[in-house]
Structure formats: C-alpha cells, structure tokens
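Peer 1: entry01.txt is reproduced in full below (compact mmCIF, C-alpha atoms and all ligand atoms).
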```txt
# COMPACT_ATOMS: atom_id res chain seq x y z
CA MET S 16 -11.18 15.41 -17.98
CA ALA S 17 -9.70 11.90 -17.65
CA LEU S 18 -5.94 11.76 -17.31
CA HIS S 19 -5.04 8.08 -17.88
CA PRO S 20 -1.59 8.38 -16.24
CA LEU S 21 -0.61 4.78 -17.12
CA GLN S 22 -1.56 4.91 -20.77
CA ASN S 23 1.36 4.63 -23.22
CA ALA S 24 3.57 3.12 -20.51
CA GLU S 25 6.63 1.36 -21.88
CA PHE S 26 8.81 -1.36 -20.42
CA LEU S 27 12.08 0.11 -19.13
CA SER S 28 14.12 -2.43 -17.15
CA THR S 29 14.16 -5.29 -14.70
CA ALA S 30 15.87 -5.30 -11.31
CA ALA S 31 16.78 -8.37 -9.26
CA SER S 32 18.85 -6.51 -6.69
CA ASP S 33 19.32 -3.04 -5.21
CA ALA S 34 22.21 -2.39 -7.60
CA GLN S 35 19.98 -2.94 -10.61
CA LEU S 36 17.35 -0.37 -9.62
CA PRO S 37 17.11 2.54 -12.06
CA PRO S 38 18.56 5.83 -10.78
CA ALA S 39 16.23 7.42 -8.24
CA SER S 40 15.75 10.64 -10.18
CA VAL S 41 12.05 10.84 -11.06
CA ALA S 42 8.80 10.17 -9.19
CA GLU S 43 7.90 6.51 -8.96
CA ILE S 44 4.73 4.58 -8.06
CA ALA S 45 4.81 0.91 -7.12
CA PHE S 46 2.23 -1.84 -7.58
CA ALA S 47 2.31 -4.71 -5.10
CA GLY S 48 0.12 -7.65 -4.17
CA ARG S 49 -0.08 -11.32 -3.41
CA SER S 50 0.63 -13.58 -6.32
CA ASN S 51 -2.60 -14.12 -8.30
CA ALA S 52 -4.35 -11.16 -6.63
CA GLY S 53 -4.81 -9.53 -10.04
CA LYS S 54 -1.90 -7.04 -10.07
CA SER S 55 -0.82 -7.59 -13.68
CA SER S 56 -4.42 -7.41 -14.86
CA ALA S 57 -4.91 -4.15 -12.95
CA ILE S 58 -1.75 -2.61 -14.49
CA ASN S 59 -2.77 -3.76 -17.95
CA ALA S 60 -6.30 -2.39 -17.55
CA LEU S 61 -4.97 0.99 -16.37
CA ALA S 62 -2.42 1.06 -19.18
CA ASN S 63 -5.12 -0.03 -21.64
CA ARG S 64 -2.89 -2.86 -22.84
CA THR S 65 -3.27 -6.61 -22.82
CA ARG S 66 0.28 -7.72 -22.04
CA LEU S 67 2.31 -4.85 -20.65
CA ALA S 68 2.67 -6.51 -17.24
CA PHE S 69 3.06 -10.27 -17.41
CA THR S 70 0.67 -12.46 -15.51
CA SER S 71 2.11 -14.61 -12.76
CA LYS S 72 1.90 -17.71 -14.90
CA THR S 73 4.59 -16.32 -17.19
CA PRO S 74 7.91 -17.78 -16.06
CA GLY S 75 10.98 -15.52 -15.85
CA ARG S 76 10.54 -11.90 -14.98
CA THR S 77 7.96 -12.43 -12.24
CA GLN S 78 10.62 -12.63 -9.48
CA HIS S 79 12.01 -9.23 -10.36
CA ILE S 80 10.90 -5.65 -10.07
CA ASN S 81 9.86 -4.60 -13.55
CA PHE S 82 10.06 -0.88 -14.30
CA PHE S 83 7.90 0.95 -16.79
CA ARG S 84 8.27 4.51 -18.00
CA LEU S 85 5.02 6.47 -17.97
CA ARG S 86 4.13 9.14 -20.52
CA SER S 87 4.73 11.83 -17.89
CA GLY S 88 8.31 10.58 -17.41
CA ALA S 89 7.52 9.02 -14.01
CA LEU S 90 8.30 5.36 -13.34
CA LEU S 91 6.01 2.48 -12.43
CA ALA S 92 7.57 -0.35 -10.44
CA ASP S 93 5.75 -3.67 -10.77
CA LEU S 94 6.85 -5.54 -7.64
CA PRO S 95 7.02 -9.35 -7.63
CA GLY S 96 3.85 -10.99 -6.34
CA TYR S 97 4.39 -12.50 -2.91
CA GLY S 98 3.04 -15.57 -1.15
CA TYR S 99 3.38 -17.98 -4.07
CA ALA S 100 3.36 -21.40 -2.42
CA ALA S 101 5.79 -23.16 -4.78
CA VAL S 102 8.70 -20.80 -4.05
CA PRO S 103 11.36 -22.23 -1.67
CA ARG S 104 11.45 -20.60 1.77
CA GLU S 105 14.93 -19.06 1.36
CA LEU S 106 13.97 -17.41 -1.90
CA LYS S 107 10.74 -16.14 -0.31
CA THR S 108 12.69 -14.56 2.54
CA HIS S 109 15.14 -13.03 0.07
CA TRP S 110 12.30 -11.44 -1.92
CA GLN S 111 10.41 -10.27 1.12
CA GLN S 112 13.56 -8.51 2.34
CA PHE S 113 14.22 -6.98 -1.09
CA LEU S 114 10.63 -5.73 -1.26
CA SER S 115 10.48 -4.30 2.21
CA ARG S 116 13.86 -2.61 1.69
CA TYR S 117 12.66 -1.16 -1.59
CA VAL S 118 9.37 0.25 -0.23
CA SER S 119 10.95 1.60 2.94
CA THR S 120 14.06 3.22 1.44
CA ARG S 121 13.29 4.18 -2.15
CA GLN S 122 13.54 7.98 -2.04
CA THR S 123 11.52 8.68 -5.18
CA LEU S 124 8.59 6.41 -4.34
CA VAL S 125 5.55 8.70 -4.02
CA GLY S 126 2.82 6.11 -3.43
CA LEU S 127 2.05 2.42 -3.18
CA VAL S 128 -0.80 0.72 -5.04
CA LEU S 129 -1.68 -2.47 -3.21
CA VAL S 130 -3.81 -4.96 -5.15
CA ILE S 131 -5.98 -7.17 -2.97
CA ASP S 132 -8.56 -9.74 -4.05
CA ILE S 133 -11.78 -8.27 -2.68
CA ARG S 134 -12.96 -11.73 -1.60
CA HIS S 135 -9.83 -12.50 0.45
CA GLY S 136 -9.16 -9.29 2.36
CA LEU S 137 -5.89 -8.29 3.97
CA ALA S 138 -3.27 -11.07 4.25
CA ASP S 139 -0.28 -11.23 6.61
CA LEU S 140 2.13 -10.51 3.77
CA ASP S 141 0.11 -7.43 2.77
CA ARG S 142 0.45 -6.23 6.36
CA GLN S 143 4.18 -6.90 6.35
CA LEU S 144 4.63 -4.78 3.24
CA LEU S 145 2.43 -2.01 4.65
CA ASP S 146 4.38 -2.10 7.92
CA SER S 147 7.53 -1.34 5.92
CA PHE S 148 5.91 1.41 3.87
CA VAL S 149 3.40 3.48 5.85
CA GLU S 150 5.88 4.81 8.41
CA SER S 151 7.33 6.98 5.66
CA GLY S 152 4.05 8.94 5.60
CA ARG S 153 3.44 8.26 1.91
CA PRO S 154 -0.03 7.28 0.64
CA VAL S 155 -1.46 3.85 -0.17
CA LEU S 156 -4.17 3.11 -2.70
CA VAL S 157 -5.75 -0.32 -2.31
CA LEU S 158 -7.40 -1.73 -5.41
CA ALA S 159 -9.98 -4.18 -4.09
CA THR S 160 -10.01 -6.15 -7.29
CA LYS S 161 -12.14 -8.91 -8.84
CA SER S 162 -15.19 -7.01 -7.57
CA ASP S 163 -17.07 -8.48 -10.54
CA LYS S 164 -17.00 -11.80 -8.68
CA LEU S 165 -19.36 -10.35 -6.06
CA THR S 166 -22.74 -8.67 -6.40
CA PRO S 167 -22.44 -4.86 -6.42
CA SER S 168 -23.79 -4.58 -2.88
CA ALA S 169 -21.52 -7.37 -1.56
CA ALA S 170 -18.56 -5.64 -3.26
CA ARG S 171 -19.40 -2.35 -1.54
CA VAL S 172 -19.59 -4.08 1.85
CA ALA S 173 -16.33 -5.98 1.26
CA ALA S 174 -14.50 -2.80 0.19
CA ARG S 175 -15.80 -0.98 3.26
CA ASP S 176 -14.72 -3.85 5.53
CA LEU S 177 -11.28 -3.82 3.95
CA GLU S 178 -10.99 -0.08 4.44
CA ARG S 179 -12.09 -0.43 8.05
CA ALA S 180 -9.52 -3.18 8.68
CA LEU S 181 -6.79 -0.98 7.20
CA HIS S 182 -7.81 2.12 9.13
CA THR S 183 -8.02 0.13 12.37
CA GLY S 184 -4.66 -1.54 11.71
CA TYR S 185 -2.95 1.75 10.77
CA PRO S 186 -4.82 4.43 12.74
CA VAL S 187 -2.04 7.02 12.50
CA HIS S 188 -1.89 6.66 8.73
CA ALA S 189 -5.60 6.13 8.04
CA SER S 190 -6.07 9.40 6.17
CA ARG S 191 -3.44 8.32 3.65
CA ILE S 192 -4.94 4.88 2.94
CA SER S 193 -7.87 4.65 0.53
CA VAL S 194 -9.70 1.67 -0.96
CA VAL S 195 -11.23 1.58 -4.42
CA PRO S 196 -13.47 -1.32 -5.53
CA PHE S 197 -11.89 -2.49 -8.78
CA SER S 198 -12.37 -4.95 -11.63
CA ALA S 199 -9.90 -5.33 -14.48
CA VAL S 200 -12.44 -7.47 -16.31
CA ARG S 201 -15.37 -5.05 -16.08
CA HIS S 202 -13.26 -1.86 -15.97
CA VAL S 203 -14.60 -0.86 -12.56
CA GLY S 204 -12.67 1.72 -10.54
CA LEU S 205 -10.28 2.78 -13.30
CA GLU S 206 -11.15 6.47 -13.13
CA ASP S 207 -10.95 6.56 -9.33
CA ALA S 208 -7.55 4.85 -9.38
CA GLU S 209 -6.30 7.14 -12.14
CA ARG S 210 -7.38 10.24 -10.23
CA VAL S 211 -5.39 9.19 -7.15
CA ILE S 212 -2.29 8.21 -9.15
CA ALA S 213 -2.41 11.43 -11.20
CA GLN S 214 -2.55 13.42 -7.99
CA TRP S 215 0.47 11.55 -6.56
CA LEU S 216 2.39 12.33 -9.71
CA GLY S 217 1.32 15.99 -9.70
CA LEU S 218 -0.22 15.62 -13.13
CA GLU S 219 -2.99 18.14 -12.71
CA GLU S 220 -0.73 20.91 -14.00
CA THR S 221 -0.15 19.08 -17.26
CA GLN S 222 -3.90 18.81 -17.84
CA VAL S 223 -4.01 22.27 -19.31
CA GLN S 224 -1.12 21.53 -21.65
CA GLU S 225 -2.67 18.21 -22.75
CA ALA S 226 -6.01 19.88 -23.37
CA ARG S 227 -4.24 22.48 -25.51
CA GLU S 228 -2.48 19.79 -27.51
CA ARG S 229 -5.73 17.88 -27.99
CA THR S 230 -7.52 21.00 -29.23
CA HIS S 231 -4.62 21.63 -31.59
CA LYS S 232 -4.85 18.06 -32.95
CA GLU S 233 -8.61 18.31 -33.40
CA LYS S 234 -8.08 21.31 -35.62
CA ALA S 235 -5.50 19.44 -37.71
CA PRO S 236 -6.66 17.24 -40.66
CA PRO S 237 -7.62 13.70 -39.51
CA SER S 238 -4.80 11.15 -39.44
CA ARG S 239 -5.19 7.96 -41.46
CA GLY S 240 -3.31 5.84 -38.92
CA VAL S 241 -4.56 2.42 -37.92
CA THR S 242 -5.85 2.12 -34.38
CA ARG S 243 -4.30 -0.80 -32.49
CA GLY S 244 -5.38 -2.60 -29.32
CA PRO S 245 -8.69 -2.52 -27.48
CA LYS S 246 -10.76 0.66 -27.50
CA ARG S 247 -10.60 2.66 -24.28
CA ARG S 248 -13.25 4.82 -22.75
CA SER S 249 -12.34 8.49 -22.96
P1 LIG S 301 -1.11 -11.31 -10.46
O1 LIG S 301 -0.43 -12.61 -10.15
O2 LIG S 301 -1.44 -10.56 -9.21
O3 LIG S 301 -0.40 -10.48 -11.47
O4 LIG S 301 -2.56 -11.70 -11.04
P2 LIG S 301 -3.09 -11.75 -12.55
O5 LIG S 301 -3.35 -10.38 -13.05
O6 LIG S 301 -2.20 -12.66 -13.33
O7 LIG S 301 -4.52 -12.43 -12.30
C1 LIG S 301 -4.65 -13.69 -11.68
C2 LIG S 301 -5.94 -14.34 -12.17
O8 LIG S 301 -7.06 -13.56 -11.79
C3 LIG S 301 -6.00 -14.45 -13.70
O9 LIG S 301 -6.64 -15.65 -14.03
C4 LIG S 301 -6.86 -13.25 -14.11
O10 LIG S 301 -7.56 -13.47 -15.30
C5 LIG S 301 -7.81 -13.14 -12.93
N1 LIG S 301 -8.24 -11.75 -12.70
C6 LIG S 301 -7.45 -10.66 -12.55
N2 LIG S 301 -8.19 -9.54 -12.36
C7 LIG S 301 -9.48 -9.93 -12.41
C8 LIG S 301 -10.75 -9.24 -12.27
O11 LIG S 301 -10.82 -8.02 -12.06
N3 LIG S 301 -11.88 -10.01 -12.35
C9 LIG S 301 -11.84 -11.35 -12.55
N4 LIG S 301 -13.00 -12.01 -12.61
N5 LIG S 301 -10.68 -12.04 -12.69
C10 LIG S 301 -9.52 -11.34 -12.62
```
Would you encode the structure as structure tokens?

Peer 2:
Amino acid sequence: MALHPLQNAEFLSTAASDAQLPPASVAEIAFAGRSNAGKSSAINALANRTRLAFTSKTPGRTQHINFFRLRSGALLADLPGYGYAAVPRELKTHWQQFLSRYVSTRQTLVGLVLVIDIRHGLADLDRQLLDSFVESGRPVLVLATKSDKLTPSAARVAARDLERALHTGYPVHASRISVVPFSAVRHVGLEDAERVIAQWLGLEETQVQEARERTHKEKAPPSRGVTRGPKRRS
C-alpha cells in the first residue's frame, strides 16, 4: 500500500534564525539542495501539489527555512537552496553557517533528503552539508532528479556513479546513504522516496489504521465533494 507521507502537507512557518525555529518536539525531515537543483519541484511532486514549496525564482521566502506540517504531525523543513551566484558572499557564508548548524544540531531531525541534478553530480556545497550531517549517524536520501533529461540507461548509470561517489566519500556512513533516480516532471522515483521517508517517520504502524479508515469510508455513501488539483496515482 502506498503511504504518501507528504500528501496534505500544510505551510507552518518560516525561520530566518535559530530563534525562529519551531519547537523541536516532533520528528522532522529536511530537504536540501543547490539552488535550481529541483528541490521545490520534488517537494511539490511528493506532496501532490503545484505550489506548496516555492520555486527559487520566487523572491522572498527562499532565503529562509520553510516548515510544513505533514499529515502524520511530523515536520518538513525546506532548507534554502545554496550556491546561488547572485547572493553576496557575506550572506552566503551566513546561510551556509545557519544550514550546517541546523543539520548538525537539530535534535528532532530524523533524515536528510538531498536533491541533486542527476546531470551535475555531487557539488562542493553538497559535500559541505553532508559533512555537517552524516557524523550524527542519521540517514540521507539523495533524489537524483531531472532523470527525464537523460535516457533511462544513462540515468541508471548516473545514479549509480553518484551513489558510488557518495559511498566512497563517506565510507563509514555508506549504509545510511541511498540514491533514488527521480523526476518531478515524469513522476519517477516517488514511491521509492516515499517508502524511505515513511520508514524514517515510523509510519508503517499507521498503515493499518489508515487502511481501516479507508475501508470505513468505502462503505460510507459516496461524497459529492469536488476534487481539486492534479490527479495522483494511488
Ligand atoms: P529549486 O531551486 O531546487 O527549488 O529548483 P526548482 O524546483 O525551482 O526547479 C528548477 C528548474 O528545474 C525549474 O525550471 C523546474 O521546472 C526544473 N525542474 C525541476 N525538477 C525537474 C525534473 O524532474 N525534470 C525536469 N525536466 N525539470 C525539472
């Protein structure tokens, strides 16, 4: 049964400093990536929404950590995209420090989703973020996105190369780093990503409850509500 842990996510708050982070009281997953890697598109595809996370061209909230509340009660932290050339050096340093502090010290962070353009591979700033995070022993899921820009066989090779580079770079933590070929446009890799995230959030136990609720609803008379937004595979 598919779990769709990001579906029905709702915007919660924005943080520009440590003091503005929401209380560390529930499990949290974070999405990170270079600016323009495809992070917002990946979040939106997983949430089955078109504009939950804002693309990097939207001015304003992109330099903050945006928090979303998931249906399970867990939080999703959308970290600011890094490496954007037009940002002044001091601001870049400020954000890099904020990010590395967040990923290395946030107690409730259970896993990091790192979005990487499958054609570009691992960048120095990706490594810097991983350096701050992996020591904690928590898992990393790399979404090797825009796989639709390559042929299926080239995408497989690129994802394998990326995984090899990560496992070679972080040999002690290799078993906790996985790579999933992904495309927000073609909806490739959604189920694999959802399975990993659901496991991080310990959602398997709620499966039974959800299945019960669904069965209950199916027995009830059909609702006449209007369906909104794009249709999602079940
Ligand atoms: P962000 O800066 O990491 O949040 O990146 P965005 O999600 O805003 O995506 C940057 C650009 O890449 C946009 O033009 C997207 O339409 C495009 N993009 C994102 N994901 C994909 C994908 O899976 N396939 C393709 N072909 N383009 C994508």

Peer 1: Find the residues near ligand LIG 301 (chain S). Use a cut-off of 8 Å, count all atoms listed in the file, and write them as a list in words.

Peer 2: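 Every residue with an atom at most 8 Å from ligand LIG 301 (chain S) is listed here: Gly48, Arg49, Ser50, Asn51, Ala52, Gly53, Lys54, Ser55, Ser56, Ala57, Ala68, Phe69, Thr70, Ser71, Lys72, Gly96, Val130, Thr160, Lys161, Ser162, Asp163, Lys164, Phe197, Ser198, Ala199, Val200, Arg201 and His202 of chain S.
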
Peer 1: Got time to write the residues from that selection, C-alpha atoms, as an mmCIF file, keeping the file's coordinate frame?

Peer 2:
```
data_model
loop_
_atom_site.group_PDB
_atom_site.id
_atom_site.type_symbol
_atom_site.label_atom_id
_atom_site.label_comp_id
_atom_site.auth_asym_id
_atom_site.auth_seq_id
_atom_site.Cartn_x
_atom_site.Cartn_y
_atom_site.Cartn_z
ATOM 1 C CA GLY S 48 0.120 -7.650 -4.170
ATOM 2 C CA ARG S 49 -0.080 -11.320 -3.410
ATOM 3 C CA SER S 50 0.630 -13.580 -6.320
ATOM 4 C CA ASN S 51 -2.600 -14.120 -8.300
ATOM 5 C CA ALA S 52 -4.350 -11.160 -6.630
ATOM 6 C CA GLY S 53 -4.810 -9.530 -10.040
ATOM 7 C CA LYS S 54 -1.900 -7.040 -10.070
ATOM 8 C CA SER S 55 -0.820 -7.590 -13.680
ATOM 9 C CA SER S 56 -4.420 -7.410 -14.860
ATOM 10 C CA ALA S 57 -4.910 -4.150 -12.950
ATOM 11 C CA ALA S 68 2.670 -6.510 -17.240
ATOM 12 C CA PHE S 69 3.060 -10.270 -17.410
ATOM 13 C CA THR S 70 0.670 -12.460 -15.510
ATOM 14 C CA SER S 71 2.110 -14.610 -12.760
ATOM 15 C CA LYS S 72 1.900 -17.710 -14.900
ATOM 16 C CA GLY S 96 3.850 -10.990 -6.340
ATOM 17 C CA VAL S 130 -3.810 -4.960 -5.150
ATOM 18 C CA THR S 160 -10.010 -6.150 -7.290
ATOM 19 C CA LYS S 161 -12.140 -8.910 -8.840
ATOM 20 C CA SER S 162 -15.190 -7.010 -7.570
ATOM 21 C CA ASP S 163 -17.070 -8.480 -10.540
ATOM 22 C CA LYS S 164 -17.000 -11.800 -8.680
ATOM 23 C CA PHE S 197 -11.890 -2.490 -8.780
ATOM 24 C CA SER S 198 -12.370 -4.950 -11.630
ATOM 25 C CA ALA S 199 -9.900 -5.330 -14.480
ATOM 26 C CA VAL S 200 -12.440 -7.470 -16.310
ATOM 27 C CA ARG S 201 -15.370 -5.050 -16.080
ATOM 28 C CA HIS S 202 -13.260 -1.860 -15.970
#
```

Peer 1: If the box runs along x, y and z of the file and leaves 4 Å on each side of range 105-108 of chain S, what are its centre and edge lengths in Å, one decimal, as JSON?

Peer 2:
```
{"center_x": 12.8, "center_y": -16.8, "center_z": 0.3, "size_x": 12.2, "size_y": 12.5, "size_z": 12.4}
```

Peer 1: List the spatial neighbours of Leu205 in chain S as a list in words - criterion: any atom at most 12 Å away, all atoms listed in the file, same-chain residues fewer than 6 positions off excluded.

Peer 2: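 So the residues in contact are Ala17, Leu18, His19, Pro20, Leu21, Gln22, Ser56, Ala57, Ile58, Asn59, Ala60, Leu61, Ala62, Asn63, Leu158, Ala159, Thr160, Val195, Pro196, Phe197, Ser198, Ala199, Val211, Ile212, Ala213, Arg247, Arg248 and Ser249 of chain S.
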
Peer 1: Pick out the closest residue to Gln122 in chain S from this set: S:Ala42, S:Val203, S:Leu36, S:Leu156. Count only C-alpha atoms.

Peer 2: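 Ranked by minimum distance to Gln122 in chain S, first place goes to S:Ala42.
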
Peer 1: Counting only C-alpha atoms, figure out which residue out of S:Leu27, S:Ala101, S:Val155, S:Ile131 gets nearest to Ala45 in chain S.

Peer 2: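 Counting only C-alpha atoms, the residue closest to Ala45 in chain S is S:Val155.
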
Peer 1: Quote the spacing between CA of Trp215 in chain S and CA of Leu85 in chain S in Å to one decimal place.

Peer 2: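 Going from CA of Trp215 in chain S over to CA of Leu85 in chain S covers 13.3 Å.
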
Peer 1: With only C-alpha atoms as the basis for distance, which of S:Leu145, S:Val172, S:Ile80, S:Ala92 is at the shortest distance from Ser32 in chain S?

Peer 2: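 Among the listed residues, the smallest separation from Ser32 in chain S belongs to S:Ile80.
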
Peer 1: Just the number, please: distance in Å from CA of Val157 in chain S to CA of Leu127 in chain S, one decimal.

Peer 2: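 So the answer is 8.3 Å.
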
Peer 1: Mind giving me the straight-line distance from CA of Ala189 in chain S to CA of Val125 in chain S in Å, one decimal?

Peer 2: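 Between CA of Ala189 in chain S and CA of Val125 in chain S the gap works out to 16.6 Å.
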
Peer 1: Find the spatial neighbours of Lys107 in chain S, counting only C-alpha atoms, within a cut-off of 9 Å - ignore same-chain residues fewer than 6 positions away - and output them as a ChimeraX atom specification.

Peer 2: /S:97-99

Peer 1: Export C-alpha atoms of the chosen residues as a PDB file, in the frame of the given file?

Peer 2:
```
ATOM      1  CA  TYR S  97       4.390 -12.500  -2.910  1.00  0.00           C
ATOM      2  CA  GLY S  98       3.040 -15.570  -1.150  1.00  0.00           C
ATOM      3  CA  TYR S  99       3.380 -17.980  -4.070  1.00  0.00           C
TER       4      TYR S  99
END
```

Peer 1: In terms of the shortest atom-to-atom distance over only C-alpha atoms, which of S:Ser190, S:Ala24, S:His182, S:Asp207 is closest to Phe83 in chain S?

Peer 2: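 Among the listed residues, S:Ala24 lies closest to Phe83 in chain S.
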
Peer 1: Quick one: of S:Ser168, S:Asn81, S:Ser193, S:Thr29, who's nearest to Leu181 in chain S, counting all atoms listed in the file?

Peer 2: S:Ser193

Peer 1: Of the residues S:Gln111, S:Ser40, S:Gln143, S:Asn23, which is the one nearest to Arg84 in chain S, using all atoms listed in the file?

Peer 2: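 Selected residue with least distance to Arg84 in chain S: S:Asn23.
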
Peer 1: I'd like the neighbourhood of Ser151 in chain S as a ChimeraX atom specification, where a residue qualifies if any of its atoms comes within 9 Å (using all atoms listed in the file), though same-chain residues fewer than 3 positions away should be ignored.

Peer 2: /S:119-120,147-148,154
